[in-house]
Amino acid sequence: MQIEGDVRKRAVVVGGSMGGLLTALLLKRSHWHVDVFERVGSELAGRGAGIVTHGELFDVVARAGISVRPESLGVSVPGRRVFDRTGEVAGELPLEQVLTSWGRLYALLRGAFPDDHYHHGKTFVRAEEDASGVTAHFEDGTSVRADLLVGADGLFSTVRRQYLPDAEPHYVGYVAWRGLVEEAELSSATRDVLCDWFAFSLPPSEQMLGYPVAGADEAVARGQRRFNFVWYRPAAPNGALTELLTGKDGTKHQLSIPPHCIRDAVIDGMREDAETLLAPQFAEVVRHTKQPFIQAILDFETPQMALGQTRRIAIIGDAAFVARPHIGMGVTKAAADAAALTRALSDHPGDVPAAVLAFERERLPYGAAVVRRARHLGTYMQAQLLTPEDRDLAERHRSPEAVMAETAVSTGITA
């Protein structure tokens with residue numbers, strides 16, 4: 001794929017989601033020749049999942065060449081509310097944030113990257129290195145030569161597994177039920193008190209949260225939006241989790257299950273629990289959600305972000321660190337990884353290995369700190385608290401005040 005006379009550095013990015021696209025866009029603006037390889041054979045879809053934005057994310061998006069006002073990216077909320085079991089507001093905290101959807105942000109990034117350099121249906125198999133570069137080999141027989149390979153291929157990264165086969169994610173003892181409901185389907189009473197806020201309901205050892213995101217055609221007018229919810233619930237690995245992830249055909253899935261395979265009895269049980277455990281406003285949200293889905297909550301942290309003997313391979317985003325969603329920084333963390341890698345390459349012109357090692361020195365401690373902070377926030381939802389430190393953290397982070405102040409914010413993270 002080398003163009004005669006083209007002397008720019010070449011990068012192969014494995015994985016075409018948020019982190020991969022941001023890396024590709026930033027490298028392209030730094031005069032790299034970049035190709036993105038995505039295993040899925042069509043444009044990606046994110047099941048409408050919501051994303052909490054942070055200032056750092058907007059900074060990186062702007063550096064990638066995309067001019068967008070934060071308020072145009074999604075729905076702005078004035079702050080947070082906690083509802084008690086009766087539906088009364090038990091606490092309120094002013095905290096302005098913009099809340100968007102996966103699909104909205106992905107569409108912006110994908111639209112900014114040229115189609116002829118984004119390759120669908122390309123499953124990465126292995127990398128091969130030598131002193132002057134790295135070759136990426138794909139399942140269809142394609143081989144692409146580059147100066148740098150970036151693994152942005154998510155939690156179960158094939159790039160990472162080639163070099164760190166023993167580094168595996170860890171199930172932490174609870175799951176998240178997730179879903180979206182059309183705001184117009186909710187009662188006016190629920191819309192009035194719930195749908196303009198980042199809101200919480202806190203059953204014992206559980207947490208429900210939700211917030212508004214854009215509706216169909218990115219509509220953000222009141223009444224045309226959607227309400228996104230995440231409900232964290234304990235599920236023992238060899239009991240409740242197995243039950244939740246056993247599909248309609250009896251197949252026992254490991255850590256995830258396609259939404260359409262979830263058994264009706266499992267969804268019915270979840271809806272019944274919502275009526276008895278949650279604030280009535282959230283129970284109504286669950287009642288009207290047509291296709292909820294399950295996410296097993298995992299921890300993962302890599303011992304390395306610079307891979308291979310020649311250190312021409314870097315992993316970013318969820319391929320390197322996966323923090324529990326309470327911290328709300330998955331996309332922002334991937335964006336910051338992409339920015340740090342691009343900056344390191346600019347600081348070490350002509351020396352890709354030195355740049356990748358400098359990138360690792362900067363981002364490895366930060367990724368570990370994000371995972372550690374997210375563990376602290378989620379401790380009280382774990383099925384078993386094994387140490388005095390765990391019990392202390394559980395008490396510290398379970399109060400309505402702490403939940404409002406600490407969930408999905410970037411403060412409190414120190415490398």
# chains A, B, ... in the order shown; residues from 1 in each chain; ligands from 1

call {"tool": "closest_atom_pairs", "arguments": {"of": "region 125-148 of chain A", "to": "region 22-41 of chain A", "cutoff": "12 Å", "atoms": "only C-alpha atoms", "output": "tab-separated table"}}
result
residue	atom	partner	partner_atom	distance
A:Val125	CA	A:Arg39	CA	10.5
A:Ala136	CA	A:Phe37	CA	10.0
A:His137	CA	A:Phe37	CA	10.8
A:Phe138	CA	A:Phe37	CA	9.2
A:Glu139	CA	A:Arg39	CA	9.5
A:Asp140	CA	A:Arg39	CA	10.7
A:Thr142	CA	A:Phe37	CA	10.8
A:Ser143	CA	A:Phe37	CA	11.4
A:Val144	CA	A:Asp35	CA	9.4
A:Arg145	CA	A:Asp35	CA	10.7
A:Ala146	CA	A:Val34	CA	9.1
A:Asp147	CA	A:Trp32	CA	9.9
A:Leu148	CA	A:Val34	CA	9.6

call {"tool": "write_last_selection", "arguments": {"atoms": "N, CA and C atoms", "output": "mmCIF file, in the first residue's frame"}}
result
data_model
loop_
_atom_site.group_PDB
_atom_site.id
_atom_site.type_symbol
_atom_site.label_atom_id
_atom_site.label_comp_id
_atom_site.auth_asym_id
_atom_site.auth_seq_id
_atom_site.Cartn_x
_atom_site.Cartn_y
_atom_site.Cartn_z
ATOM 1 N N VAL A 125 -4.923 -10.444 12.685
ATOM 2 C CA VAL A 125 -4.467 -11.774 13.115
ATOM 3 C C VAL A 125 -3.183 -11.686 13.925
ATOM 4 N N ALA A 136 1.259 -5.625 9.677
ATOM 5 C CA ALA A 136 0.006 -6.141 10.220
ATOM 6 C C ALA A 136 -0.589 -7.138 9.241
ATOM 7 N N HIS A 137 -0.922 -8.318 9.741
ATOM 8 C CA HIS A 137 -1.521 -9.360 8.907
ATOM 9 C C HIS A 137 -2.990 -9.527 9.299
ATOM 10 N N PHE A 138 -3.863 -9.645 8.291
ATOM 11 C CA PHE A 138 -5.293 -9.743 8.517
ATOM 12 C C PHE A 138 -5.831 -11.074 8.011
ATOM 13 N N GLU A 139 -6.996 -11.448 8.524
ATOM 14 C CA GLU A 139 -7.569 -12.766 8.268
ATOM 15 C C GLU A 139 -7.803 -13.035 6.787
ATOM 16 N N ASP A 140 -8.089 -11.984 6.020
ATOM 17 C CA ASP A 140 -8.376 -12.172 4.594
ATOM 18 C C ASP A 140 -7.120 -12.262 3.737
ATOM 19 N N THR A 142 -4.663 -9.991 3.699
ATOM 20 C CA THR A 142 -4.051 -8.674 3.532
ATOM 21 C C THR A 142 -2.895 -8.498 4.511
ATOM 22 N N SER A 143 -1.812 -7.897 4.046
ATOM 23 C CA SER A 143 -0.689 -7.527 4.904
ATOM 24 C C SER A 143 -0.346 -6.065 4.629
ATOM 25 N N VAL A 144 -0.161 -5.287 5.689
ATOM 26 C CA VAL A 144 0.094 -3.857 5.547
ATOM 27 C C VAL A 144 1.334 -3.492 6.340
ATOM 28 N N ARG A 145 2.271 -2.845 5.681
ATOM 29 C CA ARG A 145 3.540 -2.441 6.279
ATOM 30 C C ARG A 145 3.430 -1.017 6.824
ATOM 31 N N ALA A 146 4.009 -0.774 8.007
ATOM 32 C CA ALA A 146 3.919 0.561 8.607
ATOM 33 C C ALA A 146 5.103 0.803 9.533
ATOM 34 N N ASP A 147 5.233 2.056 9.945
ATOM 35 C CA ASP A 147 6.239 2.423 10.943
ATOM 36 C C ASP A 147 5.709 2.232 12.363
ATOM 37 N N LEU A 148 4.381 2.263 12.502
ATOM 38 C CA LEU A 148 3.728 2.214 13.814
ATOM 39 C C LEU A 148 2.423 1.451 13.686
#

call {"tool": "residues_around", "arguments": {"residues": "Arg191 (chain A)", "least_positions_apart": "2", "cutoff": "12 Å", "atoms": "only C-alpha atoms", "output": "list in words"}}
result
Val181, Glu182, Glu183, Ala184, Glu185, Leu186, Ser187, Ser188, Ala189, Val193, Leu194, Cys195, Asp196, Trp197, Ala199, Tyr211, Pro212, Arg222, Gly223, Gln224, Arg225, Arg226, Phe227, Gln281, Phe282, Glu284 and Val285 of chain A

call {"tool": "closest_atom_pairs", "arguments": {"of": "region 197-255 of chain A", "to": "region 72-95 of chain A", "cutoff": "9 Å", "atoms": "only C-alpha atoms", "output": "JSON lines"}}
result
{"residue": "A:Trp197", "atom": "CA", "partner": "A:Val77", "partner_atom": "CA", "distance": 5.5}
{"residue": "A:Phe198", "atom": "CA", "partner": "A:Arg80", "partner_atom": "CA", "distance": 4.7}
{"residue": "A:Ala199", "atom": "CA", "partner": "A:Arg81", "partner_atom": "CA", "distance": 4.7}
{"residue": "A:Phe200", "atom": "CA", "partner": "A:Val82", "partner_atom": "CA", "distance": 4.6}
{"residue": "A:Ser201", "atom": "CA", "partner": "A:Phe83", "partner_atom": "CA", "distance": 5.3}
{"residue": "A:Leu202", "atom": "CA", "partner": "A:Asp84", "partner_atom": "CA", "distance": 7.3}
{"residue": "A:Pro203", "atom": "CA", "partner": "A:Arg85", "partner_atom": "CA", "distance": 7.8}
{"residue": "A:Leu209", "atom": "CA", "partner": "A:Val82", "partner_atom": "CA", "distance": 8.9}
{"residue": "A:Tyr211", "atom": "CA", "partner": "A:Val77", "partner_atom": "CA", "distance": 8.3}
{"residue": "A:Pro212", "atom": "CA", "partner": "A:Val75", "partner_atom": "CA", "distance": 6.6}
{"residue": "A:Val213", "atom": "CA", "partner": "A:Val75", "partner_atom": "CA", "distance": 5.6}
{"residue": "A:Ala214", "atom": "CA", "partner": "A:Gly74", "partner_atom": "CA", "distance": 5.9}
{"residue": "A:Glu218", "atom": "CA", "partner": "A:Gly74", "partner_atom": "CA", "distance": 7.8}
{"residue": "A:Ala219", "atom": "CA", "partner": "A:Gly74", "partner_atom": "CA", "distance": 8.8}
{"residue": "A:Val220", "atom": "CA", "partner": "A:Val75", "partner_atom": "CA", "distance": 6.3}
{"residue": "A:Ala221", "atom": "CA", "partner": "A:Val75", "partner_atom": "CA", "distance": 9.0}
{"residue": "A:Arg225", "atom": "CA", "partner": "A:Val75", "partner_atom": "CA", "distance": 8.6}

call {"tool": "closest_residue", "arguments": {"among": "A:Gly269, A:Gly215, A:Pro258, A:Gly19", "to": "Asp337 (chain A)", "atoms": "only C-alpha atoms"}}
result
A:Gly19

call {"tool": "select_by_dssp", "arguments": {"residues": "region 95-248 of chain A", "states": "helix (DSSP H, G or I)", "output": "JSON, numbers by chain"}}
result
{"A": [102, 103, 104, 105, 106, 107, 108, 109, 110, 111, 112, 115, 116, 117, 158, 159, 160, 161, 162, 163, 183, 184, 185, 188, 189, 190, 191, 192, 193, 194, 216, 217, 218, 240, 241, 242, 243, 244]}

call {"tool": "residues_around", "arguments": {"residues": "Arg233 (chain A)", "least_positions_apart": "6", "cutoff": "8 Å", "atoms": "only C-alpha atoms", "output": "list in words"}}
result
Tyr174, Val175, Ala176, Trp177, Ser205, Glu206, Gln207 and Met381 of chain A

call {"tool": "write_last_selection", "arguments": {"atoms": "N, CA and C atoms", "output": "PDB file, in the first residue's frame"}}
result
ATOM      1  N   TYR A 174     -20.620  -7.673  39.822  1.00  0.00           N
ATOM      2  CA  TYR A 174     -21.927  -7.058  39.551  1.00  0.00           C
ATOM      3  C   TYR A 174     -22.061  -6.695  38.081  1.00  0.00           C
ATOM      4  N   VAL A 175     -23.304  -6.495  37.669  1.00  0.00           N
ATOM      5  CA  VAL A 175     -23.611  -6.189  36.272  1.00  0.00           C
ATOM      6  C   VAL A 175     -24.323  -4.844  36.190  1.00  0.00           C
ATOM      7  N   ALA A 176     -24.429  -4.345  34.967  1.00  0.00           N
ATOM      8  CA  ALA A 176     -25.256  -3.161  34.712  1.00  0.00           C
ATOM      9  C   ALA A 176     -26.340  -3.546  33.718  1.00  0.00           C
ATOM     10  N   TRP A 177     -27.583  -3.284  34.102  1.00  0.00           N
ATOM     11  CA  TRP A 177     -28.660  -3.283  33.126  1.00  0.00           C
ATOM     12  C   TRP A 177     -28.680  -1.901  32.491  1.00  0.00           C
ATOM     13  N   SER A 205     -27.003  -1.640  48.294  1.00  0.00           N
ATOM     14  CA  SER A 205     -25.973  -2.349  47.522  1.00  0.00           C
ATOM     15  C   SER A 205     -26.193  -2.292  46.018  1.00  0.00           C
ATOM     16  N   GLU A 206     -26.990  -1.349  45.543  1.00  0.00           N
ATOM     17  CA  GLU A 206     -27.227  -1.172  44.117  1.00  0.00           C
ATOM     18  C   GLU A 206     -27.175   0.320  43.787  1.00  0.00           C
ATOM     19  N   GLN A 207     -27.142   0.610  42.494  1.00  0.00           N
ATOM     20  CA  GLN A 207     -27.193   2.005  42.073  1.00  0.00           C
ATOM     21  C   GLN A 207     -27.873   2.094  40.714  1.00  0.00           C
ATOM     22  N   MET A 381     -21.100  -1.994  45.685  1.00  0.00           N
ATOM     23  CA  MET A 381     -21.998  -2.857  44.918  1.00  0.00           C
ATOM     24  C   MET A 381     -21.432  -4.252  44.706  1.00  0.00           C
TER      25      MET A 381
END

call {"tool": "atom_distance", "arguments": {"atom1": "CA of Gln162 (chain A)", "atom2": "CA of Glu128 (chain A)"}}
result
10.4 Å

call {"tool": "closest_residue", "arguments": {"among": "A:Tyr171, A:Ala216, A:Leu109, A:Leu149", "to": "Arg63 (chain A)", "atoms": "only C-alpha atoms"}}
result
A:Leu109

call {"tool": "select_by_dssp", "arguments": {"residues": "region 136-346 of chain A", "states": "strand (DSSP E or B)", "output": "PyMOL selection string"}}
result
chain A and resi 136-138+143-146+148-151+170-182+198-201+207-213+226-234+246-247+252+256+262+293-301+306-307+313-315+321-322

call {"tool": "residues_around", "arguments": {"residues": "region 312-324 of chain A", "least_positions_apart": "5", "cutoff": "8 Å", "atoms": "only C-alpha atoms", "output": "PyMOL selection string"}}
result
chain A and resi 19+133-134+147-157+159-160+297-302+304-307+330-331+333-335+337-338+352-353+356+367-368+370-372+374-375+378

call {"tool": "write_last_selection", "arguments": {"atoms": "N, CA and C atoms", "output": "compact mmCIF listing (two decimals), in the first residue's frame"}}
result
# COMPACT_ATOMS: atom_id res chain seq x y z
N GLY A 19 -11.52 5.52 20.05
CA GLY A 19 -10.09 5.70 20.24
C GLY A 19 -9.32 5.57 18.95
N GLY A 133 10.39 -1.60 10.83
CA GLY A 133 8.95 -1.39 10.80
C GLY A 133 8.18 -2.58 11.32
N VAL A 134 6.87 -2.54 11.10
CA VAL A 134 5.96 -3.58 11.57
C VAL A 134 4.95 -3.87 10.47
N ASP A 147 5.23 2.06 9.94
CA ASP A 147 6.24 2.42 10.94
C ASP A 147 5.71 2.23 12.36
N LEU A 148 4.38 2.26 12.50
CA LEU A 148 3.73 2.21 13.81
C LEU A 148 2.42 1.45 13.69
N LEU A 149 2.14 0.59 14.67
CA LEU A 149 0.84 -0.08 14.76
C LEU A 149 0.20 0.31 16.08
N VAL A 150 -1.05 0.76 16.02
CA VAL A 150 -1.79 1.16 17.21
C VAL A 150 -2.94 0.18 17.42
N GLY A 151 -2.95 -0.48 18.57
CA GLY A 151 -4.04 -1.37 18.93
C GLY A 151 -5.11 -0.59 19.68
N ALA A 152 -6.21 -0.29 18.98
CA ALA A 152 -7.35 0.39 19.58
C ALA A 152 -8.56 -0.53 19.47
N ASP A 153 -8.32 -1.82 19.69
CA ASP A 153 -9.33 -2.84 19.41
C ASP A 153 -10.01 -3.38 20.66
N GLY A 154 -10.09 -2.55 21.69
CA GLY A 154 -11.01 -2.83 22.79
C GLY A 154 -10.52 -3.82 23.83
N LEU A 155 -11.44 -4.13 24.73
CA LEU A 155 -11.13 -4.93 25.91
C LEU A 155 -10.49 -6.27 25.56
N PHE A 156 -10.99 -6.94 24.53
CA PHE A 156 -10.46 -8.25 24.18
C PHE A 156 -9.49 -8.12 22.99
N SER A 157 -8.65 -7.13 23.06
CA SER A 157 -7.72 -6.76 22.01
C SER A 157 -6.88 -7.93 21.50
N VAL A 159 -4.45 -7.42 19.34
CA VAL A 159 -3.09 -6.88 19.34
C VAL A 159 -2.43 -7.16 20.69
N ARG A 160 -3.13 -6.84 21.77
CA ARG A 160 -2.55 -7.06 23.11
C ARG A 160 -2.31 -8.54 23.38
N ILE A 297 -19.69 -6.06 34.55
CA ILE A 297 -18.71 -5.03 34.90
C ILE A 297 -17.35 -5.69 35.15
N LEU A 298 -16.35 -5.17 34.46
CA LEU A 298 -15.02 -5.77 34.47
C LEU A 298 -13.96 -4.74 34.85
N ASP A 299 -12.88 -5.22 35.42
CA ASP A 299 -11.65 -4.44 35.61
C ASP A 299 -10.60 -4.99 34.66
N PHE A 300 -9.81 -4.09 34.10
CA PHE A 300 -8.62 -4.56 33.38
C PHE A 300 -7.56 -3.47 33.38
N GLU A 301 -6.32 -3.86 33.66
CA GLU A 301 -5.21 -2.93 33.49
C GLU A 301 -4.01 -3.69 32.95
N THR A 302 -3.40 -3.10 31.95
CA THR A 302 -2.27 -3.73 31.28
C THR A 302 -0.96 -3.40 32.01
N GLN A 304 1.76 -3.13 30.27
CA GLN A 304 2.53 -2.42 29.25
C GLN A 304 1.57 -1.77 28.25
N MET A 305 1.99 -0.62 27.71
CA MET A 305 1.28 -0.02 26.58
C MET A 305 2.17 0.05 25.35
N ALA A 306 3.47 -0.15 25.54
CA ALA A 306 4.44 -0.25 24.45
C ALA A 306 4.78 -1.73 24.27
N LEU A 307 4.46 -2.29 23.11
CA LEU A 307 4.57 -3.72 22.91
C LEU A 307 5.56 -4.06 21.81
N GLY A 330 -14.51 6.52 29.90
CA GLY A 330 -13.96 5.60 28.91
C GLY A 330 -13.53 6.28 27.62
N VAL A 331 -14.42 7.09 27.05
CA VAL A 331 -14.10 7.76 25.79
C VAL A 331 -13.08 8.86 26.01
N LYS A 333 -10.75 8.98 28.31
CA LYS A 333 -9.45 8.34 28.53
C LYS A 333 -8.83 7.91 27.20
N ALA A 334 -9.62 7.32 26.32
CA ALA A 334 -9.11 6.92 25.00
C ALA A 334 -8.65 8.14 24.21
N ALA A 335 -9.41 9.23 24.30
CA ALA A 335 -9.03 10.46 23.59
C ALA A 335 -7.71 11.00 24.12
N ASP A 337 -5.35 9.25 25.57
CA ASP A 337 -4.30 8.33 25.10
C ASP A 337 -3.87 8.70 23.68
N ALA A 338 -4.86 8.94 22.81
CA ALA A 338 -4.57 9.28 21.42
C ALA A 338 -3.75 10.57 21.34
N VAL A 352 10.36 6.26 16.35
CA VAL A 352 9.07 5.73 16.80
C VAL A 352 9.19 4.96 18.11
N PRO A 353 10.16 4.05 18.27
CA PRO A 353 10.27 3.32 19.54
C PRO A 353 10.42 4.23 20.75
N VAL A 356 7.02 5.78 21.50
CA VAL A 356 6.06 4.84 22.10
C VAL A 356 6.41 4.59 23.57
N GLY A 367 -3.59 5.51 33.59
CA GLY A 367 -4.60 4.46 33.38
C GLY A 367 -4.84 3.65 34.64
N ALA A 368 -3.76 3.31 35.35
CA ALA A 368 -3.89 2.55 36.59
C ALA A 368 -4.65 3.36 37.64
N VAL A 370 -6.98 5.66 37.05
CA VAL A 370 -8.40 5.69 36.67
C VAL A 370 -9.09 4.40 37.10
N VAL A 371 -8.45 3.26 36.85
CA VAL A 371 -9.03 1.98 37.26
C VAL A 371 -9.18 1.92 38.77
N ARG A 372 -8.17 2.38 39.49
CA ARG A 372 -8.21 2.37 40.97
C ARG A 372 -9.36 3.24 41.49
N ALA A 374 -12.13 4.11 39.92
CA ALA A 374 -13.41 3.50 39.59
C ALA A 374 -13.73 2.33 40.51
N ARG A 375 -12.70 1.58 40.92
CA ARG A 375 -12.92 0.50 41.89
C ARG A 375 -13.45 1.05 43.21
N GLY A 378 -17.11 1.90 43.02
CA GLY A 378 -18.04 0.78 42.88
C GLY A 378 -17.99 -0.25 43.97

call {"tool": "closest_residue", "arguments": {"among": "A:Gly250, A:Glu56, A:Gly141, A:Val172", "to": "Ala236 (chain A)", "atoms": "only C-alpha atoms"}}
result
A:Val172

call {"tool": "closest_residue", "arguments": {"among": "A:Ala127, A:Leu345, A:Ala402, A:Ala240", "to": "Val14 (chain A)", "atoms": "only C-alpha atoms"}}
result
A:Ala127

call {"tool": "closest_residue", "arguments": {"among": "A:Ile51, A:Ile267, A:Leu364, A:Ala336", "to": "Glu243 (chain A)", "atoms": "only C-alpha atoms"}}
result
A:Ile267

call {"tool": "closest_residue", "arguments": {"among": "A:Ala339, A:Ala354, A:Ala394, A:Ile327", "to": "Ala369 (chain A)", "atoms": "only C-alpha atoms"}}
result
A:Ile327

call {"tool": "atom_distance", "arguments": {"atom1": "CA of Gly16 (chain A)", "atom2": "CA of Gln309 (chain A)"}}
result
25.1 Å
